[in-house]
Amino acid sequence: MGTTKPRPSGRNSAAQAQALPNKTFIIDNGAYTMKAGYAPDLSPPDDEEIPLSACTAIPNAIAKTRGNRIYVGAQIGTNVTDWNEMLFRRPVEKGYTVNWEAQKEIWENSFFDEKTVRSKELRVAEPEDVTLIFTEAPNALPALQKNADEIIMEEWGFGGYLRCVGPSLNAWNEVQSLFGDPILQKPDSAVSPTECLLVVDSGYSHTIVTPVYKGQPLQRGIRRLDLGGKHLTNYLKELVSIRQYNMVDETYIMNEVKESVCFVSNDFPGDLEQTWKGNGKRGQPEPSNSVVVDYVLPDPNGGKKGFMRPHDPLLSSKKRKAAFSGASAEQLSEDVLVLGNERFAVPEILFTPSDIGMKTAGIPDLILQSLSVLPTGLHPAFLANVMVVGGNSLLPGFMERLETELRQVASAECVVRVRRPKDAIRSTWLGASRLATNKEELRRVAVTRQEYQEHGSTWVGRKFSGAL
Amino acid sequence: MYHVEVVPNTTTSHVTPGWTYVPDKGFDPAKAAIAPSLCRKRGIRDPARTDVSSRQTNAIVRHLAELDRENHRDVAISVPVRQLKDAAGRGTRTKTTSNVRRILQSQKTFRNYLDDEEAALAQAASSATASTVAQRLSLNKIAKSSSSRRSSTPAASPRPVPTAARSKKDLPLAASQKPSSTDNTPSNAQEDASQHSETGLINSQHDNDPLLKSYIPSAPSERIMRALLSEPPLTYNASRAGPPITGKSSRKFCCICGYWGKIRCRNCHQRTCGIECYKVHEDSRCGAFF
């Protein structure tokens, strides 16, 4: 009964001073989705599916439809049927949680408010009895970190709290089997982070390379490319709007188009040659496995979703004929985007930012730049353990391209291995859930509510930055 | 009339609120992505950017800002109003503190926070330039010392940590390299032979040829790793990606169809792939802009 009170009495608190609450709630607060859920109580089993089943990805946005209806967080995924001209407000800007007014609303809606929380696994009824692990992007601004600490501890008052750099949590995952290494860890011992891991996190707002040593980021090696999924979607939107229909207001739909048609080319000039419009006129037969595809846009009135299908060069003439022969209106009303070089020219900017005039390095060079400031003795270990997480890594061909290019630029003595975890989007969350099972380590890095109240947010900020 | 003012070559001297003169210190990743290069002698200093005028650079900057947008037009989506009853539902919690109120009411964007941060850093830099330089030097020493170690330290020293993280398949590789980089003593040669027979490699007289030697540098010591781990994070701008390492000239694409941009419009310098796309461009989009 004493624990539910906001301020426990002095003697009581002295006894509890060193203890964190047993339950751990993890929020990987991404710009596009937040990955949230309770960590398992016990040491995780080898099967990743069991802890992952507790993790849910919720859109981290407040959306407004063209009918001026407003949806928050998880409602976007389920309640919305008309995606046209959807507008978004995202509390996470450039990868950092900036607008807490919107973020609080989404959190309340998804975790705290009894009426709107989706499932029991996501409900945080008593924050005092829960330890929160909150992720942030590397190189965050101290002012934003302070804001996060203050609002989390003073508005919700979690019993324990840890703010940490998101990519570094991936080192807690079981990466030996991913890279095909012999498993060195004894099954009984507590979970510990892997020794050297180079995490490439290609998300919604940016792509960050983080060298992680024993679960801690090597700060001087962190490099960021300011291109992410958002830029790809906007670029595709722009190209389609110039060449075909005006889609500038259809961010959501173009994101779906991107996810279903875009791929990373492993032979850029060859693919570009294939999609040249002159090919058809020269009388060359269209190859059956052509790069060019059609995307049928969704029809909110008919309640149909968009989908991709092989390109049909005679579609317009067929339509005309069908109109004469009296085909169904349904067939006539469908709108088709023809996507040729847009399919691979768009993700290409991650590897060659100079294609859109940006004078910065692509992802393979970014990795080398990150390593160049680290002792050469670490290069072989990092190059042999490159892990790619984040939504962009799901683009077909991304992993092959990265491995090929990295092999070309890396020193010949080093083995280069680039891998993607089974679940690239929730990998950071999974790492955090494994950290949470190691109670001693968690106690070492996290702060309790009482410590926050005693020492304040400045002290907490110093503690999380490793200065204490 | 030109106004000429002598700018001292330090950042410390001329601090004016709002703006300041700073000497140009070469490549700055923070500005490279945005600042136009105003060099008039194009093609002399930087051949890679021959046809990028400042106007074109501005167009690129605008394009990048466009790509960074959330919605195509500016909209204010307000947080749906909660009923008082709901707010009362969280009964056990304490009242909102002043910190929370301040954070919730703040309408600052990331740009605002970043500007504040830069201003604070500039202030701090002007007061404590010397100390940071000293710190930077000591950090460089860490990287240097470890890289010079690789030649001076024989590989006979116990192989440190990262080997554990490396795969099985490159272990034989490492093992075969270990003896080759040590002195050519008889005992080592024996070890050499035994290991080669184990791994199935063919012995040859060139095994110890210094020209054919390849080595993997030894991992840094525990002390260096501790120093590296305890470093403070870089600033937001310092962690940005640098310029590309490989000096490939940038590719040009047709602004209409996306194929190679073989022709440059003489009015606006945009690229097109052929006469067909050029006509479309001329009729509709050529703004004689640059």
# chains A, B, ... in the order shown; residues from 1 in each chain; ligands from 1

call {"tool": "residues_around", "arguments": {"residues": "range 340-346 of chain A", "least_positions_apart": "3", "cutoff": "10 Å", "atoms": "only C-alpha atoms", "output": "ChimeraX atom specification"}}
result
/A:231-237,239-240,257-258,260-268,271-277,290-294,311,337,349-350,352,355-356,395,397 /B:253,257-259

call {"tool": "residues_around", "arguments": {"residues": "range 24-26 of chain A", "least_positions_apart": "5", "cutoff": "12 Å", "atoms": "only C-alpha atoms", "output": "ChimeraX atom specification"}}
result
/A:34-42,51-52,54-57,111,121-136,158-164,166,169,426,428-439,442-443,446

call {"tool": "select_by_dssp", "arguments": {"residues": "range 8-245 of chain A", "states": "alpha helix (DSSP H)", "output": "ChimeraX atom specification"}}
result
/A:10-16,49-52,74-79,100-107,142-151,176-179,229-243

call {"tool": "residues_around", "arguments": {"residues": "Tyr71 in chain A", "least_positions_apart": "2", "cutoff": "10 Å", "atoms": "only C-alpha atoms", "output": "mmCIF file with C-alpha atoms, in the first residue's frame"}}
result
data_model
loop_
_atom_site.group_PDB
_atom_site.id
_atom_site.type_symbol
_atom_site.label_atom_id
_atom_site.label_comp_id
_atom_site.auth_asym_id
_atom_site.auth_seq_id
_atom_site.Cartn_x
_atom_site.Cartn_y
_atom_site.Cartn_z
ATOM 1 C CA ALA A 61 1.838 9.677 -35.525
ATOM 2 C CA ILE A 62 -1.340 11.654 -35.331
ATOM 3 C CA ALA A 63 -3.090 11.455 -38.677
ATOM 4 C CA LYS A 64 -5.777 13.575 -40.252
ATOM 5 C CA THR A 65 -7.895 12.235 -43.092
ATOM 6 C CA ASN A 68 -10.887 16.072 -41.103
ATOM 7 C CA ARG A 69 -11.049 13.119 -38.744
ATOM 8 C CA GLY A 73 -1.296 5.917 -32.879
ATOM 9 C CA ALA A 74 -2.717 2.425 -33.220
ATOM 10 C CA GLN A 75 -6.030 3.756 -34.535
ATOM 11 C CA ILE A 76 -4.267 4.599 -37.786
ATOM 12 C CA GLY A 77 -3.599 0.959 -38.454
ATOM 13 C CA THR A 78 -7.125 -0.262 -37.850
ATOM 14 C CA ASN A 79 -9.766 2.453 -38.106
ATOM 15 C CA VAL A 80 -8.763 4.186 -41.296
ATOM 16 C CA PHE A 88 0.600 13.206 -40.540
ATOM 17 C CA ILE A 106 0.144 8.963 -28.512
ATOM 18 C CA VAL B 79 -4.015 17.008 -30.520
ATOM 19 C CA PRO B 80 -7.579 15.819 -29.983
#

call {"tool": "atom_distance", "arguments": {"atom1": "CA of Leu297 in chain A", "atom2": "CA of Arg320 in chain A"}}
result
19.2 Å

call {"tool": "residues_around", "arguments": {"residues": "Gly461 in chain A", "least_positions_apart": "5", "cutoff": "12 Å", "atoms": "only C-alpha atoms", "output": "number ranges by chain"}}
result
A: 140-150, 161-164, 445-447, 452, 455-456, 466-468

call {"tool": "residues_around", "arguments": {"residues": "Thr404 in chain A", "least_positions_apart": "4", "cutoff": "12 Å", "atoms": "only C-alpha atoms", "output": "count of residues only"}}
result
16

call {"tool": "atom_distance", "arguments": {"atom1": "CA of Tyr113 in chain B", "atom2": "CA of Asp249 in chain A"}}
result
28.2 Å

call {"tool": "residues_around", "arguments": {"residues": "Thr194 in chain A", "least_positions_apart": "2", "cutoff": "12 Å", "atoms": "only C-alpha atoms", "output": "JSON, numbers by chain"}}
result
{"A": [168, 169, 170, 171, 172, 173, 174, 175, 176, 177, 179, 181, 183, 184, 185, 191, 192, 196, 197, 198, 199, 211, 212, 213, 214, 215, 216, 381, 382, 385, 387, 431, 434, 435], "B": [161, 162, 164, 165, 166]}
